[in-house]
$ cat work04.csv   # CSV, C-alpha atoms
chain,number,residue,atom,x,y,z
C,1,MET,CA,0.0,0.0,0.0
C,2,LYS,CA,2.8,2.4,0.9
C,3,TYR,CA,4.5,1.7,-2.5
C,4,LEU,CA,1.2,2.5,-4.3
C,5,GLN,CA,1.0,5.9,-2.5
C,6,TYR,CA,4.6,6.7,-3.5
C,7,PHE,CA,3.8,5.6,-7.1
C,8,LEU,CA,0.7,7.9,-7.2
C,9,VAL,CA,2.6,10.8,-5.8
C,10,PHE,CA,5.4,10.2,-8.4
C,11,LEU,CA,2.8,10.0,-11.2
C,12,VAL,CA,1.0,13.2,-10.2
C,13,LEU,CA,4.4,15.0,-10.0
C,14,SER,CA,5.4,13.6,-13.4
C,15,ILE,CA,2.2,14.8,-15.0
C,16,SER,CA,2.6,18.3,-13.4
C,17,ALA,CA,6.2,18.6,-14.6
C,18,ASN,CA,5.3,17.5,-18.1
C,19,SER,CA,2.3,19.9,-18.2
C,20,ASN,CA,4.6,22.8,-17.0
C,21,ALA,CA,7.2,21.8,-19.6
C,22,GLN,CA,4.6,22.0,-22.4
C,23,SER,CA,3.4,25.3,-21.0
C,24,ASP,CA,6.9,26.6,-20.9
C,25,LYS,CA,7.5,25.4,-24.5
C,26,LYS,CA,4.3,27.2,-25.7
C,27,ILE,CA,5.3,30.4,-23.9
C,28,ALA,CA,8.8,30.2,-25.5
C,29,GLU,CA,7.1,29.9,-28.9
C,30,ILE,CA,4.8,32.8,-28.3
C,31,LYS,CA,7.8,34.9,-27.2
C,32,ALA,CA,9.7,34.1,-30.4
C,33,ASP,CA,6.7,34.8,-32.5
C,34,SER,CA,6.2,38.1,-30.7
C,35,LYS,CA,9.7,39.2,-31.5
C,36,GLU,CA,9.0,38.3,-35.2
C,37,ALA,CA,5.7,40.2,-35.1
C,38,LYS,CA,7.3,43.3,-33.6
C,39,ALA,CA,9.9,43.2,-36.4
C,40,ALA,CA,7.1,42.8,-39.0
C,41,PHE,CA,5.2,45.8,-37.6
C,42,LEU,CA,8.3,47.9,-37.7
C,43,LYS,CA,9.1,46.8,-41.2
C,44,LYS,CA,5.6,47.8,-42.4
C,45,ASP,CA,5.6,51.1,-40.5
C,46,PRO,CA,9.0,52.2,-39.1
C,47,ASP,CA,7.3,55.1,-37.3
C,48,LEU,CA,5.7,52.6,-34.9
C,49,ALA,CA,9.1,52.7,-33.1
C,50,THR,CA,7.8,55.8,-31.4
C,51,PHE,CA,4.9,53.9,-29.9
C,52,PHE,CA,7.1,51.0,-28.8
C,53,SER,CA,9.6,53.3,-27.1
C,54,SER,CA,7.2,55.8,-25.5
C,55,ALA,CA,4.3,53.6,-24.4
C,56,TYR,CA,4.1,52.6,-20.8
C,57,GLY,CA,3.5,49.0,-22.0
C,58,TYR,CA,2.2,46.9,-24.8
C,59,ALA,CA,0.9,43.5,-25.7
C,60,ILE,CA,1.8,41.7,-28.9
C,61,PHE,CA,-0.5,39.0,-30.3
C,62,PRO,CA,1.6,37.4,-33.1
C,63,ASN,CA,-1.1,34.9,-34.2
C,64,VAL,CA,-4.7,35.8,-34.0
C,65,GLY,CA,-7.1,33.6,-35.9
C,66,LYS,CA,-10.6,34.9,-36.8
C,67,GLY,CA,-13.4,33.2,-38.6
C,68,GLY,CA,-17.1,33.5,-39.0
C,69,LEU,CA,-20.3,33.0,-40.9
C,70,GLY,CA,-22.9,35.2,-39.3
C,71,VAL,CA,-21.4,34.7,-35.9
C,72,GLY,CA,-17.7,35.1,-35.6
C,73,ALA,CA,-14.9,34.5,-33.2
C,74,ALA,CA,-11.3,35.3,-32.8
C,75,SER,CA,-8.6,34.1,-30.5
C,76,GLY,CA,-4.9,34.5,-29.9
C,77,HIS,CA,-2.1,34.5,-27.3
C,78,GLY,CA,0.5,37.1,-26.7
C,79,ILE,CA,3.3,38.5,-24.6
C,80,VAL,CA,2.9,41.6,-22.4
C,81,PHE,CA,5.7,44.2,-22.0
C,82,GLN,CA,6.1,46.9,-19.5
C,83,LYS,CA,8.8,49.5,-20.0
C,84,GLY,CA,10.3,47.1,-22.6
C,85,ALA,CA,10.5,44.1,-20.3
C,86,GLU,CA,8.4,40.9,-20.7
C,87,ILE,CA,6.1,40.6,-17.7
C,88,GLY,CA,3.5,38.1,-18.7
C,89,THR,CA,1.1,36.5,-21.2
C,90,ALA,CA,-2.3,37.5,-22.4
C,91,LYS,CA,-5.2,35.8,-24.2
C,92,LEU,CA,-7.3,37.7,-26.6
C,93,SER,CA,-10.9,36.5,-27.4
C,94,GLN,CA,-13.6,38.1,-29.5
C,95,VAL,CA,-17.1,37.2,-30.5
C,96,SER,CA,-19.0,39.2,-33.1
C,97,ILE,CA,-22.4,39.1,-34.6
C,98,GLY,CA,-23.3,40.5,-38.0
C,99,LEU,CA,-22.7,40.2,-41.7
C,100,GLN,CA,-19.4,38.2,-42.0
C,101,ALA,CA,-18.0,35.2,-43.8
C,102,GLY,CA,-14.5,33.7,-44.1
C,103,GLY,CA,-11.4,33.5,-42.0
C,104,GLN,CA,-8.2,35.3,-41.5
C,105,ALA,CA,-5.0,35.3,-39.5
C,106,TYR,CA,-3.5,38.6,-38.3
C,107,ARG,CA,-1.1,40.2,-35.8
C,108,GLU,CA,-2.2,42.7,-33.2
C,109,VAL,CA,-0.3,45.1,-30.9
C,110,VAL,CA,-2.0,47.0,-28.2
C,111,PHE,CA,-0.2,50.0,-26.7
C,112,PHE,CA,-0.9,51.4,-23.2
C,113,GLU,CA,-0.2,55.1,-22.8
C,114,LYS,CA,0.1,55.3,-19.0
C,115,LYS,CA,0.4,53.2,-16.0
C,116,ALA,CA,-3.3,53.4,-15.2
C,117,ASP,CA,-4.1,52.1,-18.7
C,118,MET,CA,-1.7,49.2,-18.3
C,119,ASP,CA,-3.2,48.5,-14.8
C,120,ARG,CA,-6.7,48.2,-16.4
C,121,PHE,CA,-5.3,45.6,-18.8
C,122,LYS,CA,-3.4,43.7,-16.1
C,123,GLY,CA,-6.6,43.8,-13.9
C,124,ASN,CA,-8.5,42.1,-16.8
C,125,LYS,CA,-10.8,45.2,-17.0
C,126,LEU,CA,-10.0,46.2,-20.6
C,127,GLU,CA,-12.6,45.4,-23.2
C,128,PHE,CA,-12.8,46.9,-26.6
C,129,SER,CA,-16.1,48.1,-27.9
C,130,ALA,CA,-17.2,48.7,-31.4
C,131,GLN,CA,-16.1,52.3,-31.1
C,132,LEU,CA,-12.4,51.5,-30.9
C,133,SER,CA,-10.9,50.6,-34.2
C,134,ALA,CA,-7.5,49.2,-35.0
C,135,VAL,CA,-5.1,51.0,-37.4
C,136,ALA,CA,-3.9,48.8,-40.2
C,137,ALA,CA,-0.1,48.9,-40.0
C,138,ALA,CA,1.3,50.4,-43.2
C,139,ALA,CA,4.1,52.9,-43.9
C,140,GLY,CA,3.2,56.2,-42.2
C,141,ALA,CA,-0.1,55.0,-40.7
C,142,SER,CA,1.1,55.5,-37.1
C,143,LEU,CA,1.9,59.2,-37.7
C,144,ASP,CA,-1.8,60.1,-37.4
C,145,ALA,CA,-2.7,57.4,-34.9
C,146,LYS,CA,-3.8,58.6,-31.4
C,147,TYR,CA,-4.5,56.9,-28.1
C,148,ILE,CA,-8.2,56.5,-27.4
C,149,ASP,CA,-8.9,56.1,-23.6
C,150,GLY,CA,-5.2,55.4,-23.2
C,151,VAL,CA,-5.1,52.6,-25.7
C,152,ALA,CA,-3.8,52.4,-29.4
C,153,VAL,CA,-4.2,49.3,-31.5
C,154,PHE,CA,-2.5,48.3,-34.7
C,155,THR,CA,-3.0,45.2,-36.8
C,156,THR,CA,-1.4,43.6,-39.8
C,157,GLN,CA,-2.9,40.8,-41.8
C,158,LYS,CA,-1.0,37.5,-42.1
C,159,GLY,CA,-3.4,35.7,-44.5
C,160,GLY,CA,-6.9,34.6,-45.3
C,161,LEU,CA,-9.9,36.4,-46.7
C,162,MET,CA,-12.8,37.7,-44.7
C,163,TYR,CA,-15.7,39.9,-45.5
C,164,GLU,CA,-17.0,41.6,-42.4
C,165,ALA,CA,-19.5,44.3,-41.3
C,166,SER,CA,-20.0,43.3,-37.7
C,167,VAL,CA,-19.9,44.6,-34.2
C,168,GLY,CA,-18.2,42.9,-31.4
C,169,GLY,CA,-15.6,43.4,-28.7
C,170,GLN,CA,-12.3,42.0,-27.7
C,171,LYS,CA,-11.6,40.8,-24.2
C,172,PHE,CA,-8.2,40.1,-22.7
C,173,LYS,CA,-7.0,37.9,-19.9
C,174,TYR,CA,-3.6,38.8,-18.4
C,175,GLU,CA,-1.3,36.4,-16.4
C,176,SER,CA,2.1,37.5,-15.0
C,177,PHE,CA,5.1,35.2,-15.3

$ encode --input "work04.csv" --output "structure tokens"
Amino acid sequence: MKYLQYFLVFLVLSISANSNAQSDKKIAEIKADSKEAKAAFLKKDPDLATFFSSAYGYAIFPNVGKGGLGVGAASGHGIVFQKGAEIGTAKLSQVSIGLQAGGQAYREVVFFEKKADMDRFKGNKLEFSAQLSAVAAAAGASLDAKYIDGVAVFTTQKGGLMYEASVGGQKFKYESF
């Protein structure tokens, strides 16, 4: 009986360690993808460097998948930076209803102007409404971009084709490292 208890404890610890290793591997992949996404944003619009250097913080979602037919959904994972340092991960989710069909993959970066704006995000209290729109990253696009309620959002398409005239909001879930 005692050996069975030891075996069960070993089994539980092994499963936990394997789960953490998979989780660490996924985070490492998202970190690498986030670096590539930042480079892609800067290549499309070099003036975004001003946002990256002056923002209190930002979240980069390197792979967001979106699809829909009447009802749509989007989801992605990203890395969160504060004063240039990686501080955690975030999950983006979105549900939309309206005229839409297709699917697409895109990158998104969300900039936070001040500490209070970043704190709203970290407290999982940031939700985008239909009034906030993202700026499509392109040469010079960031020159006229402004923060709205302390947040500025830029996207760049990776692939796919989607027709959309819908309303919906994005929600975020932050977790520190």

$ closest_residue --input "work04.csv" --among "C:Gln104, C:Ser75, C:Gln170, C:Thr155" --to "Lys44 of chain C" --atoms "only C-alpha atoms"
C:Thr155

$ residues_around --input "work04.csv" --residues "Val109 of chain C" --least-positions-apart "2" --cutoff "6 Å" --atoms "only C-alpha atoms" --output "list in words"
Ala59, Ile60, Val153 and Phe154 of chain C

$ closest_residue --input "work04.csv" --among "C:Gly84, C:Gly78, C:Gly102, C:Gly159" --to "Ser54 of chain C" --atoms "all atoms listed in the file"
C:Gly84

$ atom_distance --input "work04.csv" --atom1 "atom CA of Asn63 of chain C" --atom2 "atom CA of Gln157 of chain C"
9.8 Å

$ residues_around --input "work04.csv" --residues "Ile79 of chain C" --least-positions-apart "5" --cutoff "8 Å" --atoms "all atoms listed in the file" --output "PDB file with C-alpha atoms, in the frame of the given file"
ATOM      1  CA  ILE C  30       4.800  32.800 -28.300  1.00  0.00           C
ATOM      2  CA  LYS C  31       7.800  34.900 -27.200  1.00  0.00           C
ATOM      3  CA  SER C  34       6.200  38.100 -30.700  1.00  0.00           C
ATOM      4  CA  ALA C  59       0.900  43.500 -25.700  1.00  0.00           C
ATOM      5  CA  ILE C  60       1.800  41.700 -28.900  1.00  0.00           C
ATOM      6  CA  PHE C  61      -0.500  39.000 -30.300  1.00  0.00           C
ATOM      7  CA  GLU C  86       8.400  40.900 -20.700  1.00  0.00           C
ATOM      8  CA  ILE C  87       6.100  40.600 -17.700  1.00  0.00           C
ATOM      9  CA  GLY C  88       3.500  38.100 -18.700  1.00  0.00           C
ATOM     10  CA  THR C  89       1.100  36.500 -21.200  1.00  0.00           C
ATOM     11  CA  ALA C  90      -2.300  37.500 -22.400  1.00  0.00           C
TER      12      ALA C  90
END

$ closest_residue --input "work04.csv" --among "C:Glu29, C:Asp144, C:Glu127, C:Glu36" --to "Val110 of chain C" --atoms "all atoms listed in the file"
C:Glu127

$ closest_residue --input "work04.csv" --among "C:Ile97, C:Val80, C:Leu69, C:Ala105" --to "Lys35 of chain C" --atoms "only C-alpha atoms"
C:Val80

$ atom_distance --input "work04.csv" --atom1 "atom CA of Ala39 of chain C" --atom2 "atom CA of Lys171 of chain C"
24.8 Å

$ closest_residue --input "work04.csv" --among "C:Ser176, C:Ser96, C:Thr156, C:Thr50" --to "Gln82 of chain C" --atoms "all atoms listed in the file"
C:Ser176

$ atom_distance --input "work04.csv" --atom1 "atom CA of Gln94 of chain C" --atom2 "atom CA of Ala74 of chain C"
4.9 Å

$ residues_around --input "work04.csv" --residues "Pro62 of chain C" --least-positions-apart "4" --cutoff "6 Å" --atoms "only C-alpha atoms" --output "list of chain:residue names"
C:Asp33, C:Ser34, C:Ala37, C:Arg107

$ closest_residue --input "work04.csv" --among "C:Gln100, C:Ser53, C:Ser23, C:Ser93" --to "Phe172 of chain C" --atoms "only C-alpha atoms"
C:Ser93

$ residues_around --input "work04.csv" --residues "Lys83 of chain C" --least-positions-apart "5" --cutoff "8 Å" --atoms "only C-alpha atoms" --output "ChimeraX atom specification"
/C:55-57

$ decode --input "work04.csv" --residues "segment 105-126 of chain C" --atoms "N, CA and C atoms" --output "PDB file, in the first residue's frame"
ATOM      1  N   ALA C 105      -6.002  35.350 -40.566  1.00  0.00           N
ATOM      2  CA  ALA C 105      -4.995  35.347 -39.510  1.00  0.00           C
ATOM      3  C   ALA C 105      -4.329  36.722 -39.536  1.00  0.00           C
ATOM      4  N   TYR C 106      -4.116  37.279 -38.368  1.00  0.00           N
ATOM      5  CA  TYR C 106      -3.491  38.599 -38.301  1.00  0.00           C
ATOM      6  C   TYR C 106      -2.670  38.739 -37.026  1.00  0.00           C
ATOM      7  N   ARG C 107      -1.886  39.799 -36.976  1.00  0.00           N
ATOM      8  CA  ARG C 107      -1.115  40.164 -35.788  1.00  0.00           C
ATOM      9  C   ARG C 107      -1.760  41.412 -35.199  1.00  0.00           C
ATOM     10  N   GLU C 108      -1.635  41.558 -33.880  1.00  0.00           N
ATOM     11  CA  GLU C 108      -2.176  42.749 -33.234  1.00  0.00           C
ATOM     12  C   GLU C 108      -1.223  43.200 -32.147  1.00  0.00           C
ATOM     13  N   VAL C 109      -1.050  44.506 -32.042  1.00  0.00           N
ATOM     14  CA  VAL C 109      -0.294  45.065 -30.933  1.00  0.00           C
ATOM     15  C   VAL C 109      -1.171  46.133 -30.276  1.00  0.00           C
ATOM     16  N   VAL C 110      -1.242  46.071 -28.950  1.00  0.00           N
ATOM     17  CA  VAL C 110      -2.047  46.997 -28.164  1.00  0.00           C
ATOM     18  C   VAL C 110      -1.087  47.789 -27.286  1.00  0.00           C
ATOM     19  N   PHE C 111      -1.074  49.116 -27.466  1.00  0.00           N
ATOM     20  CA  PHE C 111      -0.196  49.993 -26.689  1.00  0.00           C
ATOM     21  C   PHE C 111      -0.989  50.642 -25.559  1.00  0.00           C
ATOM     22  N   PHE C 112      -0.335  50.791 -24.405  1.00  0.00           N
ATOM     23  CA  PHE C 112      -0.934  51.438 -23.240  1.00  0.00           C
ATOM     24  C   PHE C 112      -0.145  52.714 -22.945  1.00  0.00           C
ATOM     25  N   GLU C 113      -0.844  53.826 -22.963  1.00  0.00           N
ATOM     26  CA  GLU C 113      -0.192  55.127 -22.850  1.00  0.00           C
ATOM     27  C   GLU C 113       0.421  55.370 -21.480  1.00  0.00           C
ATOM     28  N   LYS C 114      -0.322  55.042 -20.410  1.00  0.00           N
ATOM     29  CA  LYS C 114       0.122  55.350 -19.042  1.00  0.00           C
ATOM     30  C   LYS C 114      -0.039  54.130 -18.141  1.00  0.00           C
ATOM     31  N   LYS C 115       0.500  54.244 -16.946  1.00  0.00           N
ATOM     32  CA  LYS C 115       0.431  53.160 -15.963  1.00  0.00           C
ATOM     33  C   LYS C 115      -1.013  52.755 -15.684  1.00  0.00           C
ATOM     34  N   ALA C 116      -1.902  53.734 -15.518  1.00  0.00           N
ATOM     35  CA  ALA C 116      -3.310  53.427 -15.223  1.00  0.00           C
ATOM     36  C   ALA C 116      -3.944  52.607 -16.343  1.00  0.00           C
ATOM     37  N   ASP C 117      -3.586  52.897 -17.587  1.00  0.00           N
ATOM     38  CA  ASP C 117      -4.120  52.143 -18.723  1.00  0.00           C
ATOM     39  C   ASP C 117      -3.609  50.703 -18.692  1.00  0.00           C
ATOM     40  N   MET C 118      -2.337  50.555 -18.380  1.00  0.00           N
ATOM     41  CA  MET C 118      -1.729  49.226 -18.279  1.00  0.00           C
ATOM     42  C   MET C 118      -2.345  48.451 -17.110  1.00  0.00           C
ATOM     43  N   ASP C 119      -2.594  49.144 -16.006  1.00  0.00           N
ATOM     44  CA  ASP C 119      -3.191  48.496 -14.841  1.00  0.00           C
ATOM     45  C   ASP C 119      -4.604  47.980 -15.133  1.00  0.00           C
ATOM     46  N   ARG C 120      -5.362  48.723 -15.937  1.00  0.00           N
ATOM     47  CA  ARG C 120      -6.690  48.243 -16.353  1.00  0.00           C
ATOM     48  C   ARG C 120      -6.565  46.921 -17.105  1.00  0.00           C
ATOM     49  N   PHE C 121      -5.578  46.867 -18.002  1.00  0.00           N
ATOM     50  CA  PHE C 121      -5.336  45.649 -18.770  1.00  0.00           C
ATOM     51  C   PHE C 121      -4.916  44.510 -17.843  1.00  0.00           C
ATOM     52  N   LYS C 122      -3.949  44.772 -16.973  1.00  0.00           N
ATOM     53  CA  LYS C 122      -3.447  43.738 -16.073  1.00  0.00           C
ATOM     54  C   LYS C 122      -4.522  43.262 -15.100  1.00  0.00           C
ATOM     55  N   GLY C 123      -5.488  44.125 -14.802  1.00  0.00           N
ATOM     56  CA  GLY C 123      -6.596  43.758 -13.927  1.00  0.00           C
ATOM     57  C   GLY C 123      -7.744  43.105 -14.676  1.00  0.00           C
ATOM     58  N   ASN C 124      -7.514  42.770 -15.953  1.00  0.00           N
ATOM     59  CA  ASN C 124      -8.524  42.142 -16.819  1.00  0.00           C
ATOM     60  C   ASN C 124      -9.793  42.983 -16.913  1.00  0.00           C
ATOM     61  N   LYS C 125      -9.622  44.314 -16.907  1.00  0.00           N
ATOM     62  CA  LYS C 125     -10.755  45.228 -16.984  1.00  0.00           C
ATOM     63  C   LYS C 125     -10.791  45.993 -18.293  1.00  0.00           C
ATOM     64  N   LEU C 126     -10.011  45.549 -19.264  1.00  0.00           N
ATOM     65  CA  LEU C 126      -9.992  46.216 -20.558  1.00  0.00           C
ATOM     66  C   LEU C 126     -10.780  45.387 -21.553  1.00  0.00           C
TER      67      LEU C 126
END
